[in-house]
file my_file.pdb (PDB, C-alpha atoms)
MODEL        1
ATOM      1  CA  MET K  65     -10.106  -0.916 -56.732
ATOM      2  CA  SER K  66     -11.798  -3.589 -58.771
ATOM      3  CA  ASP K  67     -10.840  -2.164 -62.189
ATOM      4  CA  CYS K  68      -7.213  -1.202 -61.399
ATOM      5  CA  VAL K  69      -4.710  -3.352 -63.296
ATOM      6  CA  PHE K  70      -2.056  -2.959 -60.569
ATOM      7  CA  CYS K  71      -4.541  -3.960 -57.852
ATOM      8  CA  LYS K  72      -5.303  -7.043 -59.942
ATOM      9  CA  ILE K  73      -1.571  -7.839 -60.104
ATOM     10  CA  VAL K  74      -1.334  -7.506 -56.305
ATOM     11  CA  ALA K  75      -4.359  -9.822 -55.948
ATOM     12  CA  GLY K  76      -2.774 -12.389 -58.277
ATOM     13  CA  GLU K  77      -5.527 -12.002 -60.879
ATOM     14  CA  ILE K  78      -3.080 -10.804 -63.549
ATOM     15  CA  PRO K  79       0.360 -12.392 -63.878
ATOM     16  CA  ALA K  80       3.500 -10.281 -63.583
ATOM     17  CA  LYS K  81       7.230 -10.927 -63.347
ATOM     18  CA  VAL K  82       7.551 -10.036 -59.653
ATOM     19  CA  VAL K  83      11.090  -9.184 -58.580
ATOM     20  CA  TYR K  84      10.381  -8.066 -55.002
ATOM     21  CA  GLU K  85       7.483  -8.241 -52.573
ATOM     22  CA  ASP K  86       6.821  -7.500 -48.920
ATOM     23  CA  ASP K  87       3.776  -6.607 -46.816
ATOM     24  CA  VAL K  88       3.607  -3.020 -48.112
ATOM     25  CA  CYS K  89       4.779  -3.094 -51.717
ATOM     26  CA  MET K  90       5.508  -5.127 -54.812
ATOM     27  CA  ALA K  91       7.964  -4.625 -57.679
ATOM     28  CA  PHE K  92       7.539  -6.150 -61.118
ATOM     29  CA  ASP K  93       8.972  -5.655 -64.591
ATOM     30  CA  ASP K  94       7.150  -3.241 -66.886
ATOM     31  CA  LEU K  95       5.383  -4.962 -69.798
ATOM     32  CA  GLU K  96       6.426  -2.150 -72.150
ATOM     33  CA  PRO K  97       9.978  -1.324 -71.017
ATOM     34  CA  GLU K  98      11.603   1.918 -72.093
ATOM     35  CA  ALA K  99      15.070   0.837 -70.917
ATOM     36  CA  PRO K 100      16.885  -2.492 -70.458
ATOM     37  CA  VAL K 101      15.817  -2.361 -66.806
ATOM     38  CA  HIS K 102      12.328  -0.981 -66.288
ATOM     39  CA  THR K 103      10.724  -2.154 -63.077
ATOM     40  CA  LEU K 104       7.664  -0.705 -61.356
ATOM     41  CA  LEU K 105       7.410  -0.420 -57.574
ATOM     42  CA  ILE K 106       3.868  -0.060 -56.243
ATOM     43  CA  PRO K 107       2.226   0.074 -52.839
ATOM     44  CA  LYS K 108      -0.164  -2.843 -52.370
ATOM     45  CA  GLN K 109      -2.771  -0.411 -51.077
ATOM     46  CA  HIS K 110      -4.430   1.605 -53.830
ATOM     47  CA  PHE K 111      -3.575   5.280 -54.127
ATOM     48  CA  GLU K 112      -4.308   7.114 -57.379
ATOM     49  CA  ASN K 113      -1.145   9.265 -57.382
ATOM     50  CA  LEU K 114       0.893  11.675 -55.264
ATOM     51  CA  ASN K 115      -2.109  13.982 -54.900
ATOM     52  CA  ASP K 116      -3.776  11.409 -52.623
ATOM     53  CA  ASP K 117      -3.369  11.544 -48.862
ATOM     54  CA  ILE K 118      -0.640   8.881 -48.704
ATOM     55  CA  PRO K 119       0.695   7.942 -45.277
ATOM     56  CA  GLN K 120       4.298   8.993 -44.727
ATOM     57  CA  GLU K 121       5.142   5.415 -43.794
ATOM     58  CA  VAL K 122       4.054   4.133 -47.200
ATOM     59  CA  LEU K 123       6.018   6.725 -49.190
ATOM     60  CA  GLY K 124       9.038   6.252 -46.941
ATOM     61  CA  HIS K 125       8.856   2.499 -47.381
ATOM     62  CA  LEU K 126       8.743   2.846 -51.172
ATOM     63  CA  LEU K 127      11.764   5.141 -51.146
ATOM     64  CA  LYS K 128      13.700   2.788 -48.845
ATOM     65  CA  THR K 129      12.763  -0.220 -51.001
ATOM     66  CA  LEU K 130      13.749   1.228 -54.373
ATOM     67  CA  PRO K 131      17.524   0.726 -53.851
ATOM     68  CA  LYS K 132      16.797  -2.942 -53.004
ATOM     69  CA  VAL K 133      14.947  -3.297 -56.299
ATOM     70  CA  ALA K 134      17.816  -1.587 -58.140
ATOM     71  CA  GLU K 135      20.219  -4.054 -56.492
ATOM     72  CA  ILE K 136      18.094  -7.025 -57.560
ATOM     73  CA  LYS K 137      17.977  -5.688 -61.118
ATOM     74  CA  GLY K 138      21.746  -5.041 -61.166
ATOM     75  CA  VAL K 139      21.708  -1.255 -61.565
ATOM     76  CA  ARG K 140      22.269   0.010 -58.029
ATOM     77  CA  GLU K 141      25.948   0.782 -58.593
ATOM     78  CA  SER K 142      25.771   1.920 -62.239
ATOM     79  CA  GLY K 143      22.786   4.173 -61.563
ATOM     80  CA  TYR K 144      19.093   4.272 -62.254
ATOM     81  CA  ARG K 145      16.392   6.783 -63.012
ATOM     82  CA  THR K 146      13.384   7.066 -60.708
ATOM     83  CA  ILE K 147      10.132   8.506 -62.034
ATOM     84  CA  MET K 148       6.723   9.056 -60.453
ATOM     85  CA  ASN K 149       3.967  10.444 -62.672
ATOM     86  CA  THR K 150       1.002  12.442 -61.401
ATOM     87  CA  GLY K 151      -1.875  13.799 -63.451
ATOM     88  CA  PRO K 152      -2.822  13.839 -67.121
ATOM     89  CA  ASP K 153       0.127  15.932 -68.352
ATOM     90  CA  SER K 154       2.571  13.401 -66.893
ATOM     91  CA  ALA K 155       1.506  10.704 -69.385
ATOM     92  CA  ALA K 156       0.570   8.343 -66.553
ATOM     93  CA  THR K 157      -1.184   5.312 -68.014
ATOM     94  CA  VAL K 158      -2.255   3.491 -64.829
ATOM     95  CA  GLY K 159      -4.094   5.261 -62.012
ATOM     96  CA  HIS K 160      -2.235   3.535 -59.171
ATOM     97  CA  LEU K 161       0.718   5.195 -57.475
ATOM     98  CA  HIS K 162       3.951   3.690 -58.778
ATOM     99  CA  MET K 163       7.632   4.401 -59.145
ATOM    100  CA  HIS K 164       9.608   3.537 -62.252
ATOM    101  CA  CYS K 165      13.111   2.188 -61.682
ATOM    102  CA  MET K 166      14.917   2.450 -65.015
ATOM    103  CA  GLY K 167      18.520   1.636 -65.824
ATOM    104  CA  GLY K 168      20.961  -0.431 -67.797
ATOM    105  CA  VAL K 169      21.601   2.413 -70.217
ATOM    106  CA  LEU K 170      23.234   5.846 -70.107
ATOM    107  CA  PHE K 171      20.319   8.255 -70.203
ATOM    108  CA  GLY K 172      20.591  11.477 -72.194
ATOM    109  CA  ARG K 173      20.031  14.854 -70.666
ATOM    110  CA  ALA K 174      16.712  16.283 -71.771
ATOM    111  CA  THR K 175      16.155  19.980 -71.300
ATOM    112  CA  PHE K 176      13.123  22.198 -71.600
ATOM    113  CA  GLU K 177      14.883  24.149 -74.353
ATOM    114  CA  ASN K 178      15.437  20.975 -76.413
ATOM    115  CA  SER K 179      11.832  19.864 -75.960
ATOM    116  CA  GLN K 180      10.631  23.294 -77.102
ATOM    117  CA  ARG K 181      12.799  23.034 -80.223
ATOM    118  CA  ASN K 182      11.207  19.668 -81.048
ATOM    119  CA  ASN K 183       7.714  21.129 -80.701
ATOM    120  CA  ASP K 184       8.283  24.025 -83.118
TER     121      ASP K 184
ENDMDL
END
call {"tool": "encode", "arguments": {"input": "my_file.pdb", "output": "structure tokens"}}
result
Amino acid sequence: MSDCVFCKIVAGEIPAKVVYEDDVCMAFDDLEPEAPVHTLLIPKQHFENLNDDIPQEVLGHLLKTLPKVAEIKGVRESGYRTIMNTGPDSAATVGHLHMHCMGGVLFGRATFENSQRNND
């Protein structure tokens, strides 16, 4: 897609701190990290989100690659959070399928009950 920021990163039109790349996917550090390690893993082919008809091979490759990215970033053993956002309620900011690999910090345990308390 010509207006997709992640497609432009894949094409080399926008610079990014790339930490991993192969024929199917690319991983780069998030420009607005929410944890000490916050790396995005994207397929090079454009898919909007999980609601698209994504080939099993692509999703499988992303899932198999994520531990490699976590290893590169130094969080494979200590643990990392994996997030994929889909749709407007998810707070997705870029319409290109991507996985967040976040780590380097002990994450708290958020619950629905706590979030409801904060909204009252």
call {"tool": "residues_around", "arguments": {"input": "my_file.pdb", "residues": "Leu114 (chain K)", "least_positions_apart": "4", "cutoff": "12 Å", "atoms": "all atoms listed in the file", "output": "count of residues only"}}
result
19
call {"tool": "resolve_selection", "arguments": {"input": "my_file.pdb", "expression": "the PyMOL selection byres ((chain K and resi 166) around 6)", "output": "list of chain:residue names"}}
result
K:Val101, K:His102, K:Tyr144, K:Arg145, K:Cys165, K:Gly167
call {"tool": "closest_residue", "arguments": {"input": "my_file.pdb", "among": "K:Lys132, K:Lys108, K:His125, K:Lys137", "to": "Ala75 (chain K)", "atoms": "all atoms listed in the file"}}
result
K:Lys108
call {"tool": "closest_residue", "arguments": {"input": "my_file.pdb", "among": "K:Leu104, K:Leu170, K:Ala99, K:Leu126", "to": "Asp87 (chain K)", "atoms": "only C-alpha atoms"}}
result
K:Leu126
call {"tool": "atom_distance", "arguments": {"input": "my_file.pdb", "atom1": "CA of Val69 (chain K)", "atom2": "CA of Pro131 (chain K)"}}
result
24.5 Å
call {"tool": "closest_residue", "arguments": {"input": "my_file.pdb", "among": "K:Ser66, K:Phe171, K:Gly124, K:Leu130", "to": "Phe92 (chain K)", "atoms": "only C-alpha atoms"}}
result
K:Leu130
call {"tool": "atom_distance", "arguments": {"input": "my_file.pdb", "atom1": "CA of Pro79 (chain K)", "atom2": "CA of Leu105 (chain K)"}}
result
15.3 Å
call {"tool": "closest_residue", "arguments": {"input": "my_file.pdb", "among": "K:Asp93, K:Lys72, K:Ala134, K:Val139", "to": "Gln109 (chain K)", "atoms": "only C-alpha atoms"}}
result
K:Lys72
